[in-house]
file model12.pdb (PDB, C-alpha atoms)
ATOM      1  CA  MET A   1       8.432 -21.002  10.183
ATOM      2  CA  LYS A   2       9.336 -17.626  11.619
ATOM      3  CA  PHE A   3       7.623 -14.368  10.669
ATOM      4  CA  ALA A   4       8.720 -10.774  11.152
ATOM      5  CA  VAL A   5       5.956  -8.254  11.783
ATOM      6  CA  ILE A   6       7.397  -4.882  10.786
ATOM      7  CA  VAL A   7       6.205  -2.065  13.042
ATOM      8  CA  PHE A   8       6.300   1.579  11.944
ATOM      9  CA  PRO A   9       5.215   4.582  13.972
ATOM     10  CA  GLY A  10       1.462   4.539  13.423
ATOM     11  CA  SER A  11       1.094   0.832  12.619
ATOM     12  CA  ASN A  12      -1.976  -0.426  14.468
ATOM     13  CA  CYS A  13      -2.714  -3.901  13.132
ATOM     14  CA  ASP A  14       0.663  -5.283  14.171
ATOM     15  CA  ARG A  15      -0.755  -7.174  17.148
ATOM     16  CA  ASP A  16      -3.595  -8.619  15.097
ATOM     17  CA  MET A  17      -1.045  -9.876  12.563
ATOM     18  CA  HIS A  18       1.153 -11.329  15.318
ATOM     19  CA  TYR A  19      -1.891 -13.014  16.883
ATOM     20  CA  ALA A  20      -2.941 -14.525  13.555
ATOM     21  CA  VAL A  21       0.396 -16.179  12.781
ATOM     22  CA  LYS A  22       1.496 -17.039  16.316
ATOM     23  CA  ASP A  23      -1.643 -17.878  18.275
ATOM     24  CA  VAL A  24      -3.903 -19.071  15.487
ATOM     25  CA  LEU A  25      -1.464 -20.530  12.940
ATOM     26  CA  GLY A  26       1.053 -21.712  15.527
ATOM     27  CA  ALA A  27       4.129 -20.338  13.742
ATOM     28  CA  GLU A  28       6.821 -18.195  15.312
ATOM     29  CA  ALA A  29       6.503 -14.428  15.066
ATOM     30  CA  GLU A  30       8.424 -11.409  16.283
ATOM     31  CA  PHE A  31       7.795  -7.698  16.127
ATOM     32  CA  VAL A  32      10.533  -5.760  14.353
ATOM     33  CA  TRP A  33      10.592  -2.029  15.106
ATOM     34  CA  TYR A  34      11.478  -0.265  11.853
ATOM     35  CA  GLU A  35      14.613   1.453  13.127
ATOM     36  CA  ASP A  36      16.066  -1.362  15.220
ATOM     37  CA  GLU A  37      19.225  -3.058  14.039
ATOM     38  CA  CYS A  38      17.827  -6.262  12.649
ATOM     39  CA  ASP A  39      18.770  -8.754  10.007
ATOM     40  CA  LEU A  40      15.602  -9.833   8.237
ATOM     41  CA  GLU A  41      17.562 -12.770   6.807
ATOM     42  CA  LYS A  42      16.676 -14.789   9.906
ATOM     43  CA  TYR A  43      12.956 -14.685   9.111
ATOM     44  CA  ASP A  44      11.111 -16.891   6.646
ATOM     45  CA  GLY A  45       8.288 -14.478   5.967
ATOM     46  CA  ILE A  46       7.677 -10.749   6.321
ATOM     47  CA  LEU A  47       4.384  -9.188   7.326
ATOM     48  CA  ILE A  48       3.697  -5.474   6.928
ATOM     49  CA  PRO A  49       0.626  -4.651   8.983
ATOM     50  CA  GLY A  50      -2.090  -2.065   8.571
ATOM     51  CA  GLY A  51      -2.428   1.249  10.307
ATOM     52  CA  PHE A  52      -1.512   4.819   9.532
ATOM     53  CA  SER A  53       2.273   4.879   9.364
ATOM     54  CA  TYR A  54       3.547   8.437   9.830
ATOM     55  CA  GLY A  55      -0.034   9.648  10.054
ATOM     56  CA  ASP A  56      -0.454   9.056   6.306
ATOM     57  CA  TYR A  57       1.588  12.242   5.790
ATOM     58  CA  LEU A  58       2.285  13.162   2.157
ATOM     59  CA  ARG A  59       0.551   9.996   0.857
ATOM     60  CA  SER A  60      -0.413   6.868   2.759
ATOM     61  CA  GLY A  61       2.624   4.601   2.962
ATOM     62  CA  ALA A  62       4.963   7.081   1.247
ATOM     63  CA  ILE A  63       7.150   7.887   4.239
ATOM     64  CA  ALA A  64       7.407   4.308   5.538
ATOM     65  CA  ALA A  65       8.395   3.227   2.030
ATOM     66  CA  THR A  66      11.579   5.296   2.367
ATOM     67  CA  ALA A  67      12.620   3.679   5.681
ATOM     68  CA  GLU A  68      15.913   1.799   5.600
ATOM     69  CA  ILE A  69      14.262  -1.432   6.655
ATOM     70  CA  MET A  70      12.376  -1.451   3.357
ATOM     71  CA  GLU A  71      15.695  -2.018   1.571
ATOM     72  CA  GLN A  72      15.994  -5.232   3.561
ATOM     73  CA  VAL A  73      12.405  -6.142   2.755
ATOM     74  CA  LYS A  74      13.256  -5.720  -0.951
ATOM     75  CA  GLU A  75      16.299  -7.953  -0.600
ATOM     76  CA  GLN A  76      14.287 -10.674   1.114
ATOM     77  CA  ALA A  77      11.540 -10.355  -1.494
ATOM     78  CA  GLU A  78      14.126 -10.812  -4.240
ATOM     79  CA  LYS A  79      15.164 -14.043  -2.538
ATOM     80  CA  GLY A  80      11.624 -15.293  -2.978
ATOM     81  CA  LYS A  81      10.468 -15.107   0.626
ATOM     82  CA  PRO A  82       6.786 -14.421   1.182
ATOM     83  CA  VAL A  83       6.022 -10.770   1.892
ATOM     84  CA  LEU A  84       2.455  -9.844   2.850
ATOM     85  CA  GLY A  85       1.288  -6.243   3.173
ATOM     86  CA  VAL A  86      -2.225  -5.622   4.431
ATOM     87  CA  CYS A  87      -4.049  -2.286   4.191
ATOM     88  CA  ASN A  88      -1.364   0.318   5.002
ATOM     89  CA  GLY A  89       1.087  -2.517   4.335
ATOM     90  CA  PHE A  90      -0.272  -2.722   0.760
ATOM     91  CA  GLN A  91       0.082   1.053   0.422
ATOM     92  CA  ILE A  92       3.695   0.833   1.630
ATOM     93  CA  LEU A  93       4.488  -1.963  -0.852
ATOM     94  CA  THR A  94       3.152   0.053  -3.801
ATOM     95  CA  GLU A  95       4.963   3.195  -2.665
ATOM     96  CA  ALA A  96       8.179   1.203  -2.273
ATOM     97  CA  GLY A  97       7.825  -0.117  -5.817
ATOM     98  CA  LEU A  98       7.451  -3.747  -4.739
ATOM     99  CA  LEU A  99       3.987  -3.828  -6.273
ATOM    100  CA  PRO A 100       2.626  -1.866  -9.241
ATOM    101  CA  GLY A 101      -0.111   0.773  -9.022
ATOM    102  CA  ALA A 102      -1.229   3.026  -6.184
ATOM    103  CA  LEU A 103      -3.971   3.312  -3.584
ATOM    104  CA  MET A 104      -6.046   6.467  -3.885
ATOM    105  CA  ARG A 105      -8.740   8.072  -1.783
ATOM    106  CA  ASN A 106     -11.965   6.045  -1.757
ATOM    107  CA  LYS A 107     -14.283   7.142  -4.514
ATOM    108  CA  ASP A 108     -16.959   8.472  -2.134
ATOM    109  CA  LEU A 109     -14.337   9.973   0.259
ATOM    110  CA  SER A 110     -15.636   8.036   3.264
ATOM    111  CA  PHE A 111     -13.626   5.778   5.536
ATOM    112  CA  ILE A 112     -15.174   2.340   5.100
ATOM    113  CA  CYS A 113     -15.126  -0.120   7.995
ATOM    114  CA  ARG A 114     -17.181  -3.256   7.524
ATOM    115  CA  ASN A 115     -17.124  -6.905   6.540
ATOM    116  CA  GLN A 116     -16.580  -7.385   2.840
ATOM    117  CA  ARG A 117     -17.125 -10.373   0.581
ATOM    118  CA  LEU A 118     -14.215 -11.125  -1.734
ATOM    119  CA  VAL A 119     -13.634 -13.474  -4.637
ATOM    120  CA  VAL A 120     -10.456 -15.570  -4.708
ATOM    121  CA  GLU A 121      -9.444 -14.941  -8.321
ATOM    122  CA  ASN A 122      -6.136 -16.778  -8.195
ATOM    123  CA  ASN A 123      -5.694 -19.770  -5.909
ATOM    124  CA  GLU A 124      -2.351 -20.751  -7.389
ATOM    125  CA  THR A 125      -0.256 -18.404  -5.270
ATOM    126  CA  MET A 126       1.710 -19.272  -2.136
ATOM    127  CA  PHE A 127      -0.839 -17.167  -0.240
ATOM    128  CA  THR A 128      -4.060 -18.677  -1.571
ATOM    129  CA  SER A 129      -3.416 -22.326  -2.395
ATOM    130  CA  GLN A 130      -5.751 -23.448   0.413
ATOM    131  CA  TYR A 131      -8.726 -21.679  -1.179
ATOM    132  CA  GLY A 132     -10.797 -22.771  -4.121
ATOM    133  CA  LYS A 133     -10.735 -20.765  -7.334
ATOM    134  CA  GLY A 134     -13.668 -18.368  -7.303
ATOM    135  CA  GLN A 135     -14.328 -19.067  -3.628
ATOM    136  CA  ILE A 136     -16.130 -16.287  -1.750
ATOM    137  CA  VAL A 137     -14.475 -15.264   1.506
ATOM    138  CA  GLN A 138     -15.332 -12.590   4.035
ATOM    139  CA  PHE A 139     -12.658 -10.303   5.469
ATOM    140  CA  PRO A 140     -13.098  -6.941   7.192
ATOM    141  CA  ILE A 141     -12.025  -3.800   5.374
ATOM    142  CA  ALA A 142     -11.111  -0.575   7.185
ATOM    143  CA  HIS A 143      -9.643   2.103   4.953
ATOM    144  CA  GLY A 144     -10.043   5.580   3.551
ATOM    145  CA  GLU A 145      -7.535   5.109   0.758
ATOM    146  CA  GLY A 146      -8.103   1.712  -0.763
ATOM    147  CA  ASN A 147      -9.075   2.747  -4.256
ATOM    148  CA  TYR A 148      -6.612   0.750  -6.336
ATOM    149  CA  PHE A 149      -5.423   2.585  -9.427
ATOM    150  CA  CYS A 150      -3.046   1.704 -12.231
ATOM    151  CA  ASP A 151      -2.755   2.648 -15.889
ATOM    152  CA  GLU A 152      -4.152   0.474 -18.660
ATOM    153  CA  ASP A 153      -0.811  -1.086 -19.583
ATOM    154  CA  THR A 154      -0.203  -2.136 -15.990
ATOM    155  CA  LEU A 155      -3.717  -3.532 -15.721
ATOM    156  CA  ALA A 156      -3.226  -5.577 -18.887
ATOM    157  CA  GLU A 157       0.011  -6.917 -17.458
ATOM    158  CA  LEU A 158      -1.638  -7.798 -14.125
ATOM    159  CA  LYS A 159      -4.256  -9.771 -16.023
ATOM    160  CA  ARG A 160      -1.773 -11.425 -18.361
ATOM    161  CA  ASN A 161       0.341 -12.637 -15.452
ATOM    162  CA  ASN A 162      -2.632 -13.634 -13.324
ATOM    163  CA  GLN A 163      -1.510 -11.184 -10.610
ATOM    164  CA  ILE A 164      -5.002 -10.203  -9.467
ATOM    165  CA  VAL A 165      -5.525 -12.427  -6.420
ATOM    166  CA  PHE A 166      -8.599 -10.996  -4.670
ATOM    167  CA  THR A 167     -11.445  -8.875  -6.025
ATOM    168  CA  TYR A 168     -14.398  -7.320  -4.202
ATOM    169  CA  GLU A 169     -17.693  -9.038  -4.885
ATOM    170  CA  SER A 170     -19.190  -5.551  -4.976
ATOM    171  CA  ASN A 171     -16.868  -2.584  -5.267
ATOM    172  CA  PRO A 172     -16.725  -0.495  -2.063
ATOM    173  CA  ASN A 173     -14.104   2.088  -2.971
ATOM    174  CA  GLY A 174     -13.790   2.607  -6.720
ATOM    175  CA  SER A 175     -10.864   0.249  -7.299
ATOM    176  CA  VAL A 176     -10.017  -0.532 -10.914
ATOM    177  CA  GLU A 177     -11.630  -3.874 -11.892
ATOM    178  CA  ASN A 178     -12.756  -4.394  -8.247
ATOM    179  CA  ILE A 179      -9.157  -5.176  -7.298
ATOM    180  CA  ALA A 180      -8.689  -5.926  -3.591
ATOM    181  CA  GLY A 181      -5.297  -7.651  -3.689
ATOM    182  CA  ILE A 182      -2.456  -8.320  -6.134
ATOM    183  CA  VAL A 183       0.830 -10.205  -6.199
ATOM    184  CA  ASN A 184       4.065  -9.244  -7.895
ATOM    185  CA  LYS A 185       5.050 -11.028 -11.083
ATOM    186  CA  GLU A 186       7.165 -13.532  -9.146
ATOM    187  CA  GLY A 187       4.184 -14.334  -6.907
ATOM    188  CA  ASN A 188       5.871 -13.907  -3.521
ATOM    189  CA  VAL A 189       4.735 -10.385  -2.601
ATOM    190  CA  LEU A 190       1.024  -9.968  -1.864
ATOM    191  CA  GLY A 191      -0.629  -6.652  -1.089
ATOM    192  CA  MET A 192      -4.284  -6.419  -0.160
ATOM    193  CA  MET A 193      -6.611  -3.891   1.447
ATOM    194  CA  PRO A 194      -8.903  -6.375   3.298
ATOM    195  CA  HIS A 195      -7.688  -7.809   6.589
ATOM    196  CA  PRO A 196      -7.234 -11.596   6.664
ATOM    197  CA  GLU A 197      -5.573 -11.282  10.085
ATOM    198  CA  ARG A 198      -8.848  -9.975  11.502
ATOM    199  CA  ALA A 199     -10.786 -12.941  10.153
ATOM    200  CA  VAL A 200      -9.184 -15.772  12.091
ATOM    201  CA  ASP A 201     -11.811 -16.693  14.688
ATOM    202  CA  LYS A 202     -15.538 -17.351  14.621
ATOM    203  CA  TRP A 203     -16.007 -14.710  17.298
ATOM    204  CA  LEU A 204     -14.367 -12.179  14.981
ATOM    205  CA  GLY A 205     -17.192 -12.765  12.504
ATOM    206  CA  SER A 206     -15.178 -14.872  10.072
ATOM    207  CA  GLU A 207     -12.341 -17.340  10.090
ATOM    208  CA  ASP A 208     -11.815 -17.230   6.338
ATOM    209  CA  GLY A 209      -8.433 -15.554   6.813
ATOM    210  CA  ILE A 210      -6.834 -18.592   8.448
ATOM    211  CA  ARG A 211      -6.392 -20.364   5.121
ATOM    212  CA  LEU A 212      -4.288 -17.513   3.801
ATOM    213  CA  PHE A 213      -1.763 -17.981   6.589
ATOM    214  CA  GLN A 214      -2.036 -21.761   6.303
ATOM    215  CA  SER A 215      -1.230 -21.457   2.608
ATOM    216  CA  ILE A 216       1.972 -19.543   3.386
ATOM    217  CA  LEU A 217       3.020 -22.117   5.982
ATOM    218  CA  GLU A 218       2.131 -25.087   3.801
ATOM    219  CA  ASN A 219       4.077 -23.742   0.815
ATOM    220  CA  TRP A 220       7.050 -22.858   2.979
ATOM    221  CA  ARG A 221       7.106 -26.426   4.329
ATOM    222  CA  LYS A 222       6.943 -27.853   0.817
ATOM    223  CA  THR A 223       9.839 -25.681  -0.306
ATOM    224  CA  TYR A 224      12.146 -25.611   2.700
ATOM    225  CA  VAL A 225      11.373 -28.526   4.970
ATOM    226  CA  ALA A 226      12.726 -31.858   3.812
ATOM    227  CA  ASN A 227      10.171 -34.628   3.657
TER     228      ASN A 227
ATOM    229  CA  MET B   1      22.900  31.486  -2.207
ATOM    230  CA  LYS B   2      19.698  29.805  -1.178
ATOM    231  CA  LYS B   3      16.764  29.301  -3.446
ATOM    232  CA  LYS B   4      13.144  28.734  -2.593
ATOM    233  CA  VAL B   5      11.473  25.832  -4.346
ATOM    234  CA  LYS B   6       7.727  25.413  -4.723
ATOM    235  CA  VAL B   7       6.589  22.008  -5.922
ATOM    236  CA  TYR B   8       2.993  21.660  -7.121
ATOM    237  CA  VAL B   9       1.611  18.133  -7.065
ATOM    238  CA  SER B  10      -1.718  17.309  -8.681
ATOM    239  CA  LEU B  11      -3.622  14.206  -9.685
ATOM    240  CA  LYS B  12      -3.062  13.298 -13.316
ATOM    241  CA  GLN B  13      -5.670  14.424 -15.778
ATOM    242  CA  GLY B  14      -8.116  11.609 -16.231
ATOM    243  CA  VAL B  15      -7.687  10.351 -12.660
ATOM    244  CA  LEU B  16     -10.912  10.889 -10.744
ATOM    245  CA  ASP B  17     -10.503  13.486  -7.997
ATOM    246  CA  PRO B  18     -13.299  12.866  -5.467
ATOM    247  CA  GLN B  19     -12.212  15.814  -3.296
ATOM    248  CA  GLY B  20     -12.372  18.125  -6.296
ATOM    249  CA  LYS B  21     -15.848  16.831  -7.186
ATOM    250  CA  THR B  22     -17.091  17.422  -3.633
ATOM    251  CA  ILE B  23     -15.661  20.946  -3.486
ATOM    252  CA  GLU B  24     -17.186  21.668  -6.876
ATOM    253  CA  SER B  25     -20.657  20.676  -5.715
ATOM    254  CA  SER B  26     -20.239  22.813  -2.562
ATOM    255  CA  LEU B  27     -19.196  25.790  -4.674
ATOM    256  CA  HIS B  28     -22.285  25.245  -6.807
ATOM    257  CA  SER B  29     -24.539  25.122  -3.782
ATOM    258  CA  LEU B  30     -23.034  28.439  -2.611
ATOM    259  CA  GLY B  31     -24.082  29.938  -5.915
ATOM    260  CA  PHE B  32     -20.735  29.769  -7.746
ATOM    261  CA  LYS B  33     -22.289  27.854 -10.602
ATOM    262  CA  GLU B  34     -19.521  28.854 -13.010
ATOM    263  CA  ALA B  35     -16.876  26.771 -11.229
ATOM    264  CA  ALA B  36     -16.048  23.642 -13.194
ATOM    265  CA  ASN B  37     -13.390  20.924 -13.253
ATOM    266  CA  VAL B  38     -12.262  21.582  -9.672
ATOM    267  CA  ARG B  39      -9.057  19.678  -8.895
ATOM    268  CA  VAL B  40      -7.231  19.516  -5.564
ATOM    269  CA  GLY B  41      -3.470  19.369  -5.340
ATOM    270  CA  LYS B  42      -0.771  20.227  -2.863
ATOM    271  CA  VAL B  43       2.120  22.643  -2.643
ATOM    272  CA  ILE B  44       5.393  21.655  -1.024
ATOM    273  CA  GLU B  45       7.881  24.437  -0.332
ATOM    274  CA  PHE B  46      11.480  24.231   0.745
ATOM    275  CA  GLU B  47      14.741  26.129   0.655
ATOM    276  CA  ILE B  48      17.870  24.664  -0.853
ATOM    277  CA  ALA B  49      21.374  25.807  -1.703
ATOM    278  CA  GLU B  50      21.781  26.956  -5.274
ATOM    279  CA  SER B  51      23.679  24.587  -7.514
ATOM    280  CA  ALA B  52      24.216  23.942 -11.193
ATOM    281  CA  ASP B  53      22.389  20.656 -10.821
ATOM    282  CA  LEU B  54      19.435  22.052  -8.879
ATOM    283  CA  GLU B  55      16.706  21.244 -11.403
ATOM    284  CA  ASN B  56      17.815  17.643 -11.704
ATOM    285  CA  GLN B  57      17.933  17.366  -7.928
ATOM    286  CA  ILE B  58      14.359  18.604  -7.653
ATOM    287  CA  HIS B  59      13.142  16.222 -10.369
ATOM    288  CA  ASP B  60      14.800  13.420  -8.440
ATOM    289  CA  MET B  61      13.096  14.434  -5.182
ATOM    290  CA  CYS B  62       9.735  14.610  -6.915
ATOM    291  CA  LYS B  63      10.091  11.211  -8.533
ATOM    292  CA  LYS B  64      11.400   9.478  -5.418
ATOM    293  CA  LEU B  65       9.129  11.002  -2.807
ATOM    294  CA  LEU B  66       7.176  14.206  -3.340
ATOM    295  CA  ALA B  67       4.911  12.886  -6.109
ATOM    296  CA  ASN B  68       3.734   9.409  -6.983
ATOM    297  CA  PRO B  69       4.154   9.131 -10.757
ATOM    298  CA  VAL B  70       1.489   6.413 -10.922
ATOM    299  CA  MET B  71      -1.288   8.885 -10.174
ATOM    300  CA  GLU B  72       0.248  12.358  -9.849
ATOM    301  CA  ASP B  73       1.929  15.001 -11.978
ATOM    302  CA  TYR B  74       4.224  17.669 -10.612
ATOM    303  CA  ARG B  75       5.762  20.942 -11.647
ATOM    304  CA  PHE B  76       7.958  23.333  -9.723
ATOM    305  CA  GLU B  77       9.187  26.892  -9.516
ATOM    306  CA  VAL B  78      12.529  28.107  -8.222
ATOM    307  CA  GLU B  79      12.546  31.599  -6.699
ATOM    308  CA  GLU B  80      14.830  33.911  -4.769
ATOM    309  CA  VAL B  81      14.461  33.656  -0.996
ATOM    310  CA  VAL B  82      12.792  36.856   0.214
ATOM    311  CA  ARG B  83      13.159  37.612   3.925
ATOM    312  CA  PRO B  84      10.539  39.941   5.368
TER     313      PRO B  84
END
call {"tool": "encode", "arguments": {"input": "model12.pdb", "output": "structure tokens"}}
result
Amino acid sequence: MKFAVIVFPGSNCDRDMHYAVKDVLGAEAEFVWYEDECDLEKYDGILIPGGFSYGDYLRSGAIAATAEIMEQVKEQAEKGKPVLGVCNGFQILTEAGLLPGALMRNKDLSFICRNQRLVVENNETMFTSQYGKGQIVQFPIAHGEGNYFCDEDTLAELKRNNQIVFTYESNPNGSVENIAGIVNKEGNVLGMMPHPERAVDKWLGSEDGIRLFQSILENWRKTYVAN
Amino acid sequence: MKKKVKVYVSLKQGVLDPQGKTIESSLHSLGFKEAANVRVGKVIEFEIAESADLENQIHDMCKKLLANPVMEDYRFEVEEVVRP
């Protein structure tokens, strides 16, 4: 399985993401600079890393969401390929309209950087099938704008479709319903504020993130690799 | 003819504005106790050629980029360009 790690000016978790899928998971991974001529068709999964693309100008993720490469990301998402956006990647996915809602300034205005316990609310996605339902995992969070917001109709729809994948065990940032990560209706685009790619080794404080990447690989094998 | 456009973007009513709350409490501690419901927004200004379709163009810009309709409202003014 081959992953693309999309790099924007100001991305800063791109190497962590690359390390997680290449060195820890053992899959193939390549960096894709946002303005390079590149056909995303040749990748099996797309990873949009965290950071501060375009210095968070206008709104976090808003400028990156207008980049041409995002049109390709949309096309690949429509084909059902896994797309994972973490932190700024989540913000970019909401701004690009690939996921509903928006990420607002943390309720107490502070930038929060710490380990956070999460609940796996939905373990029936291609990203979480290796976890148990209700399992508690620990991933780091590092964000100033991770306060997930959506209107009541959208929230009802998220619940109805089982799109809420991760919640915070205790709410750090004011997110609606403790939401830490959601998938699109089709289930192949996941956006989350916590960083699974920074929880892939004991010496990083947690290796709970490995199963997320293993889930993607496992489900890709089931779908695309003949038995 | 060029026009000057001022777009005002603000958080929707009902959406918590933590910056506004913080500024409000600072105003209160400076003695401006009357200040209430402080909200923070932003102003985006640009010049653009006049056209019959200008208002629609600006709405389009606001919806696609300048404001995020999930959490923000916008309004705009179109003025003459005044050179000093």
call {"tool": "residues_around", "arguments": {"input": "model12.pdb", "residues": "Ala35 of chain B", "least_positions_apart": "2", "cutoff": "7 Å", "atoms": "only C-alpha atoms", "output": "VMD selection string"}}
result
chain B and resid 24 32 to 33
call {"tool": "residues_around", "arguments": {"input": "model12.pdb", "residues": "His18 of chain A", "least_positions_apart": "6", "cutoff": "12 Å", "atoms": "only C-alpha atoms", "output": "PyMOL selection string"}}
result
chain A and resi 2-7+12+24-32+46-50+197-198+200+213
call {"tool": "resolve_selection", "arguments": {"input": "model12.pdb", "expression": "the ChimeraX specification (/A :<12) & /B", "output": "list of chain:residue names"}}
result
B:Val9, B:Leu11, B:Lys12, B:Gly14, B:Val15, B:Leu16, B:Asp17, B:Pro18, B:Gln19, B:Gly20, B:Lys21, B:Thr22, B:Ile23, B:Gly41, B:Lys42, B:Val43, B:Ile44, B:Met61, B:Cys62, B:Lys63, B:Lys64, B:Leu65, B:Leu66, B:Ala67, B:Asn68, B:Pro69, B:Val70, B:Met71, B:Glu72
call {"tool": "resolve_selection", "arguments": {"input": "model12.pdb", "expression": "the PyMOL selection byres ((chain A and resi 216) around 12)", "output": "JSON, numbers by chain"}}
result
{"A": [1, 2, 3, 21, 25, 27, 44, 45, 46, 47, 81, 82, 83, 84, 124, 125, 126, 127, 128, 129, 130, 131, 187, 188, 189, 190, 209, 210, 211, 212, 213, 214, 215, 217, 218, 219, 220, 221, 222, 223, 224]}
call {"tool": "atom_distance", "arguments": {"input": "model12.pdb", "atom1": "atom CA of Ala156 of chain A", "atom2": "atom CA of Glu177 of chain A"}}
result
11.1 Å
call {"tool": "residues_around", "arguments": {"input": "model12.pdb", "residues": "Leu118 of chain A", "least_positions_apart": "3", "cutoff": "7 Å", "atoms": "only C-alpha atoms", "output": "list in words"}}
result
Ile136, Val137, Gln138, Phe166, Thr167, Tyr168 and Glu169 of chain A
call {"tool": "axis_aligned_box", "arguments": {"input": "model12.pdb", "around": "segment 25-42 of chain A", "padding_each_side": "8 Å", "output": "JSON"}}
result
{"center_x": 8.9, "center_y": -10.1, "center_z": 11.5, "size_x": 36.7, "size_y": 39.2, "size_z": 25.5}
call {"tool": "residues_near_point", "arguments": {"input": "model12.pdb", "point": "(-2.2, 7.3, 6.0)", "cutoff": "9 Å", "atoms": "all atoms listed in the file", "output": "PDB file with C-alpha atoms, in the coordinates of the input"}}
result
ATOM      1  CA  GLY A  10       1.462   4.539  13.423  1.00  0.00           C
ATOM      2  CA  GLY A  51      -2.428   1.249  10.307  1.00  0.00           C
ATOM      3  CA  PHE A  52      -1.512   4.819   9.532  1.00  0.00           C
ATOM      4  CA  SER A  53       2.273   4.879   9.364  1.00  0.00           C
ATOM      5  CA  TYR A  54       3.547   8.437   9.830  1.00  0.00           C
ATOM      6  CA  GLY A  55      -0.034   9.648  10.054  1.00  0.00           C
ATOM      7  CA  ASP A  56      -0.454   9.056   6.306  1.00  0.00           C
ATOM      8  CA  TYR A  57       1.588  12.242   5.790  1.00  0.00           C
ATOM      9  CA  LEU A  58       2.285  13.162   2.157  1.00  0.00           C
ATOM     10  CA  ARG A  59       0.551   9.996   0.857  1.00  0.00           C
ATOM     11  CA  SER A  60      -0.413   6.868   2.759  1.00  0.00           C
ATOM     12  CA  GLY A  61       2.624   4.601   2.962  1.00  0.00           C
ATOM     13  CA  ALA A  62       4.963   7.081   1.247  1.00  0.00           C
ATOM     14  CA  ASN A  88      -1.364   0.318   5.002  1.00  0.00           C
ATOM     15  CA  GLN A  91       0.082   1.053   0.422  1.00  0.00           C
ATOM     16  CA  GLY A 144     -10.043   5.580   3.551  1.00  0.00           C
ATOM     17  CA  GLU A 145      -7.535   5.109   0.758  1.00  0.00           C
TER      18      GLU A 145
END
call {"tool": "atom_distance", "arguments": {"input": "model12.pdb", "atom1": "atom CA of Pro194 of chain A", "atom2": "atom CA of Lys79 of chain A"}}
result
25.9 Å
call {"tool": "resolve_selection", "arguments": {"input": "model12.pdb", "expression": "the PyMOL selection byres ((chain B and resi 4-7) around 9)", "output": "ChimeraX atom specification"}}
result
/B:2-3,8-9,42-49,58,62,66,74-82
